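Q: This is run_10.cif (mmCIF, C-alpha atoms (C1' of nucleotides)).
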data_input
#
loop_
_atom_site.label_atom_id
_atom_site.label_comp_id
_atom_site.auth_asym_id
_atom_site.auth_seq_id
_atom_site.Cartn_x
_atom_site.Cartn_y
_atom_site.Cartn_z
CA MET P 1 95.53 165.75 -49.34
CA ASN P 2 93.54 162.61 -48.69
CA LYS P 3 95.04 161.42 -45.44
CA GLU P 4 94.11 157.77 -45.98
CA SER P 5 97.11 156.55 -47.94
CA VAL P 6 94.66 154.50 -49.93
CA ASP P 7 96.86 151.91 -51.56
CA SER P 8 99.56 151.42 -48.96
CA THR P 9 100.10 147.76 -48.30
CA GLU P 10 99.57 148.22 -44.60
CA LYS P 11 96.16 149.74 -45.14
CA LEU P 12 95.31 147.03 -47.64
CA ILE P 13 96.13 144.35 -45.12
CA LEU P 14 94.08 146.00 -42.40
CA GLU P 15 91.05 146.24 -44.66
CA ALA P 16 91.32 142.58 -45.62
CA ALA P 17 91.80 141.63 -42.00
CA LYS P 18 88.71 143.58 -41.00
CA LYS P 19 86.65 141.69 -43.50
CA VAL P 20 87.88 138.23 -42.55
CA PHE P 21 88.23 138.65 -38.78
CA ILE P 22 84.90 140.39 -38.32
CA GLU P 23 83.11 137.70 -40.26
CA LYS P 24 84.89 134.67 -38.81
CA GLY P 25 86.36 135.71 -35.48
CA MET P 26 89.87 135.18 -34.20
CA GLU P 27 89.86 131.38 -34.27
CA GLY P 28 87.82 131.06 -37.45
CA ALA P 29 90.02 133.39 -39.48
CA ARG P 30 93.07 132.13 -41.40
CA MET P 31 96.11 134.22 -42.17
CA HIS P 32 96.33 132.86 -45.68
CA GLU P 33 92.72 133.90 -46.26
CA ILE P 34 93.50 137.45 -45.23
CA ALA P 35 96.51 137.50 -47.53
CA GLU P 36 94.37 136.24 -50.39
CA GLU P 37 91.72 138.86 -49.69
CA ALA P 38 94.41 141.54 -49.85
CA ASN P 39 96.05 140.00 -52.93
CA ILE P 40 99.43 139.86 -51.30
CA ASN P 41 101.77 137.30 -49.88
CA LYS P 42 101.26 135.64 -46.51
CA ALA P 43 104.71 136.67 -45.32
CA LEU P 44 103.81 140.32 -45.71
CA LEU P 45 101.20 140.03 -43.01
CA HIS P 46 103.93 139.21 -40.58
CA TYR P 47 106.23 141.85 -41.95
CA TYR P 48 103.69 144.55 -41.10
CA TYR P 49 101.94 143.12 -38.06
CA ARG P 50 104.35 140.46 -36.73
CA THR P 51 101.66 138.14 -35.30
CA LYS P 52 98.07 137.16 -35.91
CA GLU P 53 97.26 138.40 -32.42
CA LYS P 54 98.54 141.90 -33.18
CA LEU P 55 96.69 142.09 -36.46
CA PHE P 56 93.54 140.92 -34.77
CA PHE P 57 93.92 143.52 -32.08
CA ALA P 58 94.05 146.29 -34.66
CA VAL P 59 90.79 145.02 -36.12
CA PHE P 60 89.16 144.68 -32.73
CA GLN P 61 90.03 148.26 -31.91
CA TYR P 62 88.28 149.47 -35.02
CA ALA P 63 85.23 147.25 -34.53
CA PHE P 64 84.76 148.19 -30.93
CA GLN P 65 84.44 151.85 -31.84
CA GLN P 66 81.80 150.97 -34.42
CA PHE P 67 79.86 148.96 -31.90
CA LEU P 68 79.75 151.50 -29.11
CA PRO P 69 76.79 153.76 -29.65
CA ASN P 70 77.48 157.41 -30.18
CA VAL P 71 75.59 158.88 -27.28
CA GLU P 72 76.12 162.46 -28.28
CA ALA P 73 72.49 162.80 -29.29
CA LEU P 74 71.37 161.99 -25.79
CA PHE P 75 73.26 164.92 -24.37
CA LYS P 76 72.00 167.58 -26.73
CA THR P 77 70.41 169.98 -24.31
CA GLY P 78 67.33 171.98 -25.14
CA MET P 79 65.87 168.97 -26.90
CA PRO P 80 62.90 167.10 -25.45
CA PHE P 81 63.76 163.63 -24.13
CA ASP P 82 61.54 161.98 -26.72
CA GLN P 83 63.51 163.51 -29.54
CA ARG P 84 66.81 162.58 -27.98
CA ILE P 85 65.77 158.93 -27.83
CA GLU P 86 64.52 159.14 -31.38
CA LEU P 87 67.76 160.62 -32.65
CA PHE P 88 69.85 158.06 -30.78
CA VAL P 89 67.93 155.05 -32.12
CA HIS P 90 68.06 156.53 -35.60
CA GLN P 91 71.80 157.06 -35.54
CA TYR P 92 72.64 153.76 -33.88
CA MET P 93 70.50 151.58 -36.08
CA LYS P 94 71.93 153.26 -39.15
CA LEU P 95 75.43 152.51 -37.92
CA LEU P 96 74.60 148.88 -37.11
CA LEU P 97 72.93 148.27 -40.44
CA LYS P 98 76.07 149.46 -42.17
CA ASN P 99 78.17 146.99 -40.13
CA PRO P 100 75.89 144.02 -39.52
CA PHE P 101 78.65 141.59 -38.55
CA ILE P 102 80.19 143.73 -35.86
CA PRO P 103 77.80 143.10 -32.97
CA LEU P 104 78.31 139.36 -33.04
CA PHE P 105 82.04 139.74 -33.55
CA ILE P 106 82.38 141.95 -30.49
CA LEU P 107 80.17 139.79 -28.31
CA HIS P 108 82.00 136.63 -29.28
CA GLU P 109 85.46 138.03 -28.70
CA ILE P 110 84.58 139.69 -25.44
CA ASN P 111 83.34 136.36 -24.20
CA ARG P 112 86.61 134.76 -25.23
CA ASN P 113 88.82 137.41 -23.80
CA PRO P 114 87.08 139.60 -21.19
CA GLU P 115 90.22 141.50 -20.22
CA MET P 116 90.26 143.07 -23.65
CA ILE P 117 87.25 145.15 -22.74
CA ALA P 118 88.76 147.19 -19.97
CA ASN P 119 91.56 148.48 -22.18
CA HIS P 120 89.04 149.86 -24.62
CA ILE P 121 86.26 151.13 -22.42
CA PHE P 122 88.18 153.90 -20.79
CA GLN P 123 89.24 155.67 -23.97
CA SER P 124 85.83 155.12 -25.50
CA GLY P 125 84.23 158.20 -23.99
CA VAL P 126 81.15 156.23 -23.01
CA ASN P 127 79.83 157.42 -19.68
CA PRO P 128 76.92 155.33 -18.40
CA ARG P 129 76.76 157.31 -15.19
CA ALA P 130 75.95 160.55 -16.99
CA LEU P 131 73.29 158.78 -19.01
CA GLU P 132 71.70 157.37 -15.91
CA GLN P 133 71.62 160.83 -14.43
CA ILE P 134 69.72 162.24 -17.41
CA ILE P 135 67.13 159.49 -17.19
CA HIS P 136 66.88 159.93 -13.46
CA GLU P 137 66.12 163.60 -13.87
CA GLU P 138 63.42 162.95 -16.44
CA ILE P 139 61.72 160.64 -13.97
CA GLU P 140 62.07 163.16 -11.13
CA GLN P 141 60.45 165.81 -13.28
CA GLY P 142 57.59 163.47 -14.04
CA ASN P 143 58.29 163.39 -17.76
CA ILE P 144 58.52 159.60 -18.00
CA ARG P 145 57.38 156.62 -15.99
CA PRO P 146 59.63 155.45 -13.18
CA ILE P 147 62.08 152.82 -14.43
CA HIS P 148 65.56 151.93 -13.34
CA PRO P 149 67.82 153.92 -15.67
CA ARG P 150 70.12 150.97 -16.26
CA GLN P 151 67.21 148.80 -17.30
CA LEU P 152 66.02 151.43 -19.75
CA ILE P 153 69.48 151.84 -21.25
CA LEU P 154 69.85 148.12 -21.73
CA ASN P 155 66.35 147.85 -23.19
CA ILE P 156 67.15 150.43 -25.83
CA ILE P 157 70.44 148.79 -26.74
CA SER P 158 68.83 145.35 -26.85
CA LEU P 159 66.11 146.47 -29.23
CA CYS P 160 68.67 147.99 -31.59
CA VAL P 161 71.44 145.41 -31.50
CA PHE P 162 69.85 141.99 -31.14
CA PRO P 163 67.93 141.90 -34.44
CA ILE P 164 71.16 142.71 -36.27
CA ALA P 165 73.23 140.16 -34.39
CA ALA P 166 70.61 137.48 -34.99
CA LYS P 167 69.99 138.43 -38.61
CA PRO P 168 70.29 135.00 -40.27
CA LEU P 169 68.20 133.34 -37.57
CA VAL P 170 65.48 135.97 -37.68
CA LYS P 171 65.42 135.95 -41.44
CA ARG P 172 64.98 132.19 -41.48
CA ILE P 173 62.59 131.63 -38.59
CA ILE P 174 60.33 134.65 -38.84
CA PHE P 175 60.58 135.38 -42.55
CA ASN P 176 61.20 131.96 -43.98
CA ASN P 177 64.15 133.49 -45.88
CA ASP P 178 61.89 135.88 -47.75
CA ASN P 179 64.41 138.63 -48.48
CA ILE P 180 61.93 141.24 -49.58
CA ALA P 181 59.79 140.90 -46.48
CA TYR P 182 62.89 140.96 -44.33
CA GLU P 183 64.29 144.14 -45.88
CA LYS P 184 60.94 145.82 -45.48
CA PHE P 185 60.91 144.73 -41.86
CA LEU P 186 64.30 146.34 -41.20
CA ASP P 187 63.23 149.54 -42.93
CA ASP P 188 60.17 149.77 -40.70
CA ARG P 189 61.98 148.75 -37.59
CA GLU P 190 63.56 152.07 -36.70
CA THR P 191 60.15 153.75 -36.45
CA GLU P 192 58.65 150.78 -34.64
CA VAL P 193 61.40 150.63 -32.05
CA ILE P 194 61.13 154.32 -31.33
CA GLN P 195 57.37 154.05 -30.91
CA PHE P 196 57.74 150.97 -28.71
CA ILE P 197 60.20 152.68 -26.38
CA LEU P 198 58.27 155.91 -26.18
CA ASN P 199 55.02 154.10 -25.45
CA ALA P 200 56.74 152.13 -22.74
CA ILE P 201 58.08 155.15 -20.89
CA LYS P 202 55.48 157.82 -21.61
CA ILE P 203 53.18 158.90 -18.83
CA LYS P 204 49.45 158.76 -19.64
CA MET A 1 64.72 102.55 -14.62
CA ASN A 2 66.53 105.85 -15.04
CA LYS A 3 66.77 106.10 -18.79
CA GLU A 4 69.87 108.27 -18.79
CA SER A 5 72.60 105.66 -18.64
CA VAL A 6 74.38 108.07 -16.39
CA ASP A 7 77.93 106.82 -16.54
CA SER A 8 78.16 105.46 -20.05
CA THR A 9 81.21 106.77 -21.81
CA GLU A 10 79.17 108.09 -24.69
CA LYS A 11 77.06 110.22 -22.37
CA LEU A 12 80.16 111.37 -20.54
CA ILE A 13 81.70 112.55 -23.76
CA LEU A 14 78.58 114.39 -24.83
CA GLU A 15 78.39 116.24 -21.51
CA ALA A 16 82.02 117.27 -21.73
CA ALA A 17 81.54 118.31 -25.35
CA LYS A 18 78.53 120.44 -24.40
CA LYS A 19 80.58 122.28 -21.84
CA VAL A 20 83.56 122.98 -24.09
CA PHE A 21 81.79 123.60 -27.40
CA ILE A 22 79.12 125.86 -25.95
CA GLU A 23 81.69 127.97 -24.20
CA LYS A 24 84.27 128.14 -27.00
CA GLY A 25 82.47 127.41 -30.24
CA MET A 26 83.42 124.99 -32.99
CA GLU A 27 86.75 126.57 -33.89
CA GLY A 28 87.70 127.53 -30.37
CA ALA A 29 87.15 124.06 -28.90
CA ARG A 30 89.92 121.45 -28.85
CA MET A 31 89.32 117.72 -28.94
CA HIS A 32 91.98 117.10 -26.32
CA GLU A 33 90.24 119.60 -24.03
CA ILE A 34 86.98 117.71 -24.34
CA ALA A 35 88.74 114.43 -23.61
CA GLU A 36 90.35 115.97 -20.55
CA GLU A 37 87.01 117.33 -19.35
CA ALA A 38 85.54 113.84 -19.65
CA ASN A 39 88.58 112.18 -18.06
CA ILE A 40 89.07 109.81 -20.97
CA ASN A 41 91.44 109.31 -23.85
CA LYS A 42 91.37 111.44 -26.99
CA ALA A 43 91.00 108.39 -29.20
CA LEU A 44 87.72 107.50 -27.55
CA LEU A 45 86.12 110.66 -28.86
CA HIS A 46 86.66 109.37 -32.36
CA TYR A 47 85.61 105.88 -31.43
CA TYR A 48 82.16 107.16 -30.41
CA TYR A 49 81.66 110.15 -32.69
CA ARG A 50 84.15 109.59 -35.54
CA THR A 51 84.80 113.31 -36.23
CA LYS A 52 84.83 116.62 -34.44
CA GLU A 53 82.13 117.80 -36.81
CA LYS A 54 79.76 115.01 -35.80
CA LEU A 55 80.37 115.56 -32.09
CA PHE A 56 79.78 119.24 -32.55
CA PHE A 57 76.54 118.58 -34.36
CA ALA A 58 75.22 116.56 -31.44
CA VAL A 59 75.95 119.47 -29.13
CA PHE A 60 74.41 121.99 -31.48
CA GLN A 61 71.21 119.98 -31.62
CA TYR A 62 70.91 120.08 -27.84
CA ALA A 63 71.76 123.77 -27.56
CA PHE A 64 69.33 124.82 -30.24
CA GLN A 65 66.44 123.27 -28.35
CA GLN A 66 67.46 125.17 -25.24
CA PHE A 67 67.60 128.42 -27.14
CA LEU A 68 64.24 128.22 -28.83
CA PRO A 69 61.68 129.70 -26.49
CA ASN A 70 58.96 127.45 -25.25
CA VAL A 71 55.91 129.17 -26.65
CA GLU A 72 53.44 126.72 -25.24
CA ALA A 73 52.42 129.19 -22.57
CA LEU A 74 51.34 131.67 -25.22
CA PHE A 75 48.79 129.27 -26.56
CA LYS A 76 47.15 128.51 -23.26
CA THR A 77 43.71 129.82 -23.99
CA GLY A 78 41.47 131.38 -21.41
CA MET A 79 44.37 133.42 -20.13
CA PRO A 80 44.49 137.17 -20.70
CA PHE A 81 47.17 138.32 -23.12
CA ASP A 82 49.02 140.19 -20.39
CA GLN A 83 49.45 137.05 -18.36
CA ARG A 84 50.58 135.06 -21.35
CA ILE A 85 53.36 137.55 -22.03
CA GLU A 86 54.27 137.53 -18.36
CA LEU A 87 54.46 133.75 -18.24
CA PHE A 88 56.52 133.56 -21.40
CA VAL A 89 59.09 136.12 -20.27
CA HIS A 90 59.29 134.43 -16.89
CA GLN A 91 59.93 130.98 -18.35
CA TYR A 92 62.29 132.11 -21.05
CA MET A 93 64.46 134.26 -18.86
CA LYS A 94 64.72 131.47 -16.31
CA LEU A 95 65.86 129.11 -19.06
CA LEU A 96 68.41 131.57 -20.40
CA LEU A 97 69.83 132.34 -16.99
CA LYS A 98 70.44 128.66 -16.46
CA ASN A 99 72.30 128.43 -19.80
CA PRO A 100 73.96 131.80 -20.21
CA PHE A 101 76.44 130.71 -22.88
CA ILE A 102 73.89 129.24 -25.24
CA PRO A 103 72.57 132.39 -26.93
CA LEU A 104 75.98 133.49 -28.10
CA PHE A 105 76.92 129.97 -29.10
CA ILE A 106 73.85 129.60 -31.30
CA LEU A 107 74.18 133.03 -32.86
CA HIS A 108 77.84 132.53 -33.65
CA GLU A 109 77.40 129.11 -35.19
CA ILE A 110 74.37 130.07 -37.18
CA ASN A 111 76.35 132.88 -38.66
CA ARG A 112 79.11 130.48 -39.58
CA ASN A 113 76.86 127.85 -41.03
CA PRO A 114 73.41 129.15 -41.99
CA GLU A 115 72.26 125.92 -43.62
CA MET A 116 72.33 124.27 -40.23
CA ILE A 117 69.27 126.24 -39.21
CA ALA A 118 66.80 124.84 -41.67
CA ASN A 119 67.40 121.27 -40.55
CA HIS A 120 66.48 122.18 -37.01
CA ILE A 121 63.67 124.64 -37.42
CA PHE A 122 61.16 122.26 -38.86
CA GLN A 123 61.25 119.73 -36.06
CA SER A 124 61.39 122.47 -33.46
CA GLY A 125 57.64 123.01 -33.22
CA VAL A 126 58.06 126.77 -33.31
CA ASN A 127 55.28 128.35 -35.30
CA PRO A 128 55.72 132.08 -35.82
CA ARG A 129 52.64 132.29 -37.99
CA ALA A 130 50.35 131.14 -35.18
CA LEU A 131 51.96 133.61 -32.80
CA GLU A 132 51.45 136.44 -35.23
CA GLN A 133 47.82 135.45 -35.52
CA ILE A 134 47.30 135.67 -31.77
CA ILE A 135 48.83 139.13 -31.63
CA HIS A 136 46.83 140.20 -34.65
CA GLU A 137 43.61 139.18 -32.95
CA GLU A 138 44.46 141.08 -29.81
CA ILE A 139 44.95 144.21 -31.87
CA GLU A 140 41.70 143.63 -33.76
CA GLN A 141 39.84 143.32 -30.50
CA GLY A 142 41.34 146.58 -29.30
CA ASN A 143 43.17 144.97 -26.40
CA ILE A 144 46.60 146.30 -27.33
CA ARG A 145 48.00 149.10 -29.43
CA PRO A 146 48.48 148.44 -33.11
CA ILE A 147 51.97 147.08 -33.78
CA HIS A 148 53.30 144.75 -36.43
CA PRO A 149 53.20 141.31 -34.79
CA ARG A 150 56.65 140.40 -36.05
CA GLN A 151 58.11 143.55 -34.54
CA LEU A 152 56.52 142.76 -31.20
CA ILE A 153 57.78 139.20 -31.23
CA LEU A 154 61.31 140.31 -31.99
CA ASN A 155 61.14 143.04 -29.35
CA ILE A 156 60.23 140.51 -26.68
CA ILE A 157 62.99 138.11 -27.71
CA SER A 158 65.53 140.93 -27.90
CA LEU A 159 64.76 142.14 -24.40
CA CYS A 160 65.17 138.62 -23.01
CA VAL A 161 68.16 137.35 -24.95
CA PHE A 162 70.50 140.27 -25.52
CA PRO A 163 71.39 141.02 -21.91
CA ILE A 164 72.38 137.38 -21.42
CA ALA A 165 74.38 137.19 -24.63
CA ALA A 166 76.19 140.41 -23.76
CA LYS A 167 76.70 139.56 -20.10
CA PRO A 168 80.45 140.27 -19.77
CA LEU A 169 80.15 143.52 -21.71
CA VAL A 170 77.15 144.73 -19.74
CA LYS A 171 78.73 143.77 -16.46
CA ARG A 172 81.84 145.71 -17.33
CA ILE A 173 80.43 148.81 -18.98
CA ILE A 174 77.29 149.44 -16.98
CA PHE A 175 78.26 147.87 -13.67
CA ASN A 176 82.01 148.39 -13.64
CA ASN A 177 82.32 144.67 -12.79
CA ASP A 178 80.38 145.09 -9.56
CA ASN A 179 79.04 141.55 -9.21
CA ILE A 180 76.52 142.27 -6.48
CA ALA A 181 74.91 145.12 -8.39
CA TYR A 182 74.86 143.04 -11.53
CA GLU A 183 73.18 140.04 -9.89
CA LYS A 184 70.59 142.34 -8.36
CA PHE A 185 70.01 143.82 -11.78
CA LEU A 186 69.34 140.42 -13.33
CA ASP A 187 66.99 139.49 -10.51
CA ASP A 188 64.98 142.65 -11.08
CA ARG A 189 65.09 142.39 -14.82
CA GLU A 190 62.31 139.88 -15.31
CA THR A 191 59.77 142.18 -13.65
CA GLU A 192 61.15 145.23 -15.40
CA VAL A 193 61.00 143.65 -18.84
CA ILE A 194 57.43 142.52 -18.33
CA GLN A 195 56.41 146.00 -17.22
CA PHE A 196 58.26 147.60 -20.11
CA ILE A 197 56.52 145.40 -22.68
CA LEU A 198 53.08 145.77 -21.16
CA ASN A 199 53.41 149.54 -20.93
CA ALA A 200 54.48 149.66 -24.55
CA ILE A 201 51.49 147.74 -25.88
CA LYS A 202 48.74 148.68 -23.43
CA ILE A 203 46.00 150.98 -24.57
CA LYS A 204 45.51 154.05 -22.37
"C1'" DG Y 1 86.03 99.44 -25.15
"C1'" DT Y 2 90.12 101.69 -23.92
"C1'" DC Y 3 94.67 102.75 -24.32
"C1'" DT Y 4 99.61 104.33 -26.57
"C1'" DA Y 5 101.85 105.59 -30.48
"C1'" DT Y 6 101.83 107.58 -34.84
"C1'" DA Y 7 100.24 109.39 -39.20
"C1'" DT Y 8 98.57 113.50 -41.60
"C1'" DT Y 9 97.32 117.72 -42.41
"C1'" DG Y 10 96.81 122.63 -41.47
"C1'" DT Y 11 98.60 126.97 -39.88
"C1'" DG Y 12 101.36 130.60 -37.81
"C1'" DA Y 13 105.79 132.18 -38.33
"C1'" DT Y 14 110.70 132.80 -40.17
"C1'" DA Y 15 114.90 132.73 -43.43
"C1'" DG Y 16 116.82 134.49 -47.11
"C1'" DA Y 17 116.94 135.79 -52.18
"C1'" DC Y 18 115.78 139.68 -54.95
"C1'" DG Z 1 109.20 145.83 -49.43
"C1'" DT Z 2 107.90 141.69 -51.51
"C1'" DC Z 3 108.45 137.20 -52.75
"C1'" DT Z 4 109.43 131.65 -52.42
"C1'" DA Z 5 110.57 128.04 -49.61
"C1'" DT Z 6 110.50 126.01 -45.38
"C1'" DC Z 7 110.24 125.32 -40.37
"C1'" DA Z 8 107.90 124.07 -36.14
"C1'" DC Z 9 104.23 122.78 -33.95
"C1'" DA Z 10 99.45 122.05 -32.98
"C1'" DA Z 11 95.28 119.49 -33.87
"C1'" DT Z 12 92.38 115.98 -36.01
"C1'" DA Z 13 92.37 111.46 -36.97
"C1'" DT Z 14 93.87 106.47 -37.35
"C1'" DA Z 15 96.48 101.93 -36.35
"C1'" DG Z 16 97.05 98.46 -33.57
"C1'" DA Z 17 98.09 96.30 -28.95
"C1'" DC Z 18 95.59 94.82 -24.94
#
As structure tokens, what does this structure read like?

A:
Amino acid sequence: MNKESVDSTEKLILEAAKKVFIEKGMEGARMHEIAEEANINKALLHYYYRTKEKLFFAVFQYAFQQFLPNVEALFKTGMPFDQRIELFVHQYMKLLLKNPFIPLFILHEINRNPEMIANHIFQSGVNPRALEQIIHEEIEQGNIRPIHPRQLILNIISLCVFPIAAKPLVKRIIFNNDNIAYEKFLDDRETEVIQFILNAIKIK
Amino acid sequence: MNKESVDSTEKLILEAAKKVFIEKGMEGARMHEIAEEANINKALLHYYYRTKEKLFFAVFQYAFQQFLPNVEALFKTGMPFDQRIELFVHQYMKLLLKNPFIPLFILHEINRNPEMIANHIFQSGVNPRALEQIIHEEIEQGNIRPIHPRQLILNIISLCVFPIAAKPLVKRIIFNNDNIAYEKFLDDRETEVIQFILNAIKIK
DNA sequence: GTCTATATTGTGATAGAC
DNA sequence: GTCTATCACAATATAGAC
């Protein structure tokens, strides 16, 4: 009863398209490369998806969901704020590390085609307003230092996303392409980021 | 004696190429668009730069210098560590705000062509090792909390660069495309980022 | 140095046999 | 549904007149 009709040609194409588009972007990707990746004929791409644009859109839809943080952790009531932050950073960094090309892909395409965002945001379930409210309340109750909620949200996202998006640059400049040191760095980073954020907002 | 031969065709082409390449990337840019932007003929692009690749490389060289933070301020001795951080964030965010497309441009191209980095790093004057040493000493002297220097460096860069790179996304998701609120946010951000970092590393 | 015209190649897309 | 062959056009690049 596995719902994912694993070997269907359509699925095969989508998987190949994900790989190529996410790595090279809309303009950088070639239809023939996607066909090769899927081990099928070029014409089949058009049979199933008609145009490059439509195939790209299917990939974008998938990638965007992967990129948007799952904020569920932040709404778990009965949990201290510290732990909610911790859980969020943990979950989001795990997700990003599994899909390291996605952040850059999303940022690049959104820059190219800003209208594409709006269509996706609304169904995404992300609700910045509710998040801001939670942070606002924590400040009111004197649990954390005063900070503009939007700034805090963006700080957290920045600390999680940027190092992944800039991976090759960071690896080269800071680690001189030393893979072992770099992997160790990423392993440590989750804990370090959590500590950094908590230190920044904690009273006392 | 203005050294920049302001109206020379070569310079004109380079300026137009900067604008188009930095906004659209190597694959997204079109030679005819650059020619149009410079108000000259397409053939002239090749006369001066032979290939698209070579013209692109000239632009990349320029952009990379803009993207690399000027760390000079951090080495100004006799200044407390706090103020050095403050000065750096101030200078870097001002630079980024003046060139908002550059971060994404660099990240995208580096991902596409990692070898390009090495050629530029060495002449860039950036010296992560020296930076790490400074941070290490501050920790030794008990001036700031213990943190791995590389993590701190990347945290600072992340907080400065990511919001610029993700501008359209941030503006849409967090600010619902409210331009006034977004501009206000960016104005405030420099101070907020400095406070956030200092709170995170300060003892007590 | 600058232009027009053209060559050349790459790429998305379609026609039509099986 | 899948393939081969081919079209149509866009984009880089060059030739050659002025």

Q: Run the PyMOL selection byres ((chain Y) within 12 of (chain P)) mentally over the shown coordinates, then write out the matched residues as a PyMOL selection string, using the chain letters and numbers from the document.

A: chain Y and resi 10-15

Q: Evaluate the PyMOL selection byres ((chain A) within 6 of (chain P)) on the structure here and hand back the selected residues as a PyMOL selection string.

A: chain A and resi 27-28+158-159+162+196+199-200

Q: Chain P near chain Z within 9 Å: what's each residue's closest atom pair and its distance in Å to one decimal, counting all atoms listed in the file, ordered by chain then ascending residue number, as a tab-separated table?

A:
residue	atom	partner	partner_atom	distance
P:Ile40	CA	Z:DT2	C1'	8.7
P:Asn41	CA	Z:DC3	C1'	7.3
P:Ala43	CA	Z:DC3	C1'	8.3
P:Leu44	CA	Z:DT2	C1'	7.2
P:Tyr47	CA	Z:DG1	C1'	9.0

Q: For atom CA of Gln83 of chain A and atom CA of Lys98 of chain A, determine how far apart the two atoms are, in Å to one decimal place.

A: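 Going from atom CA of Gln83 of chain A over to atom CA of Lys98 of chain A, I get 22.7 Å.
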
Q: Work out how far apart atom CA of Pro149 of chain A and atom CA of Gln66 of chain A are and give it in Å to one decimal.

A: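 Atom-to-atom, atom CA of Pro149 of chain A to atom CA of Gln66 of chain A, that is 23.6 Å.
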
Q: Can you work out the spacing between atom CA of Phe75 of chain A and atom CA of Gly125 of chain A in Å, to one decimal?

A: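 Taking atom CA of Phe75 of chain A and atom CA of Gly125 of chain A, their separation equals 12.7 Å.
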
Q: Name every residue that the PyMOL selection byres ((chain P and resi 9) around 10) selects in this structure, writing the answer as a PyMOL selection string with chains first and numbers rising.

A: (chain P and resi 5-8+10-15+38-40+44-45+48) or (chain Z and resi 1)

Q: Just chain Y from the block, C-alpha atoms (C1' of nucleotides), as a compact mmCIF listing (two decimals), in the first residue's frame, could you?

A:
# COMPACT_ATOMS: atom_id res chain seq x y z
C1' DG Y 1 36.41 51.74 -32.71
C1' DT Y 2 31.84 51.04 -34.07
C1' DC Y 3 28.43 49.34 -36.80
C1' DT Y 4 25.28 45.69 -39.76
C1' DA Y 5 24.81 41.27 -41.20
C1' DT Y 6 25.53 36.57 -40.55
C1' DA Y 7 27.39 32.27 -38.86
C1' DT Y 8 26.99 28.72 -35.31
C1' DT Y 9 25.54 26.43 -31.74
C1' DG Y 10 22.40 25.25 -28.00
C1' DT Y 11 17.84 24.42 -26.23
C1' DG Y 12 12.88 24.15 -25.57
C1' DA Y 13 9.29 22.13 -27.88
C1' DT Y 14 6.56 19.27 -31.40
C1' DA Y 15 5.36 15.60 -35.05
C1' DG Y 16 4.69 11.22 -35.88
C1' DA Y 17 6.08 6.17 -35.91
C1' DC Y 18 5.64 2.28 -32.92
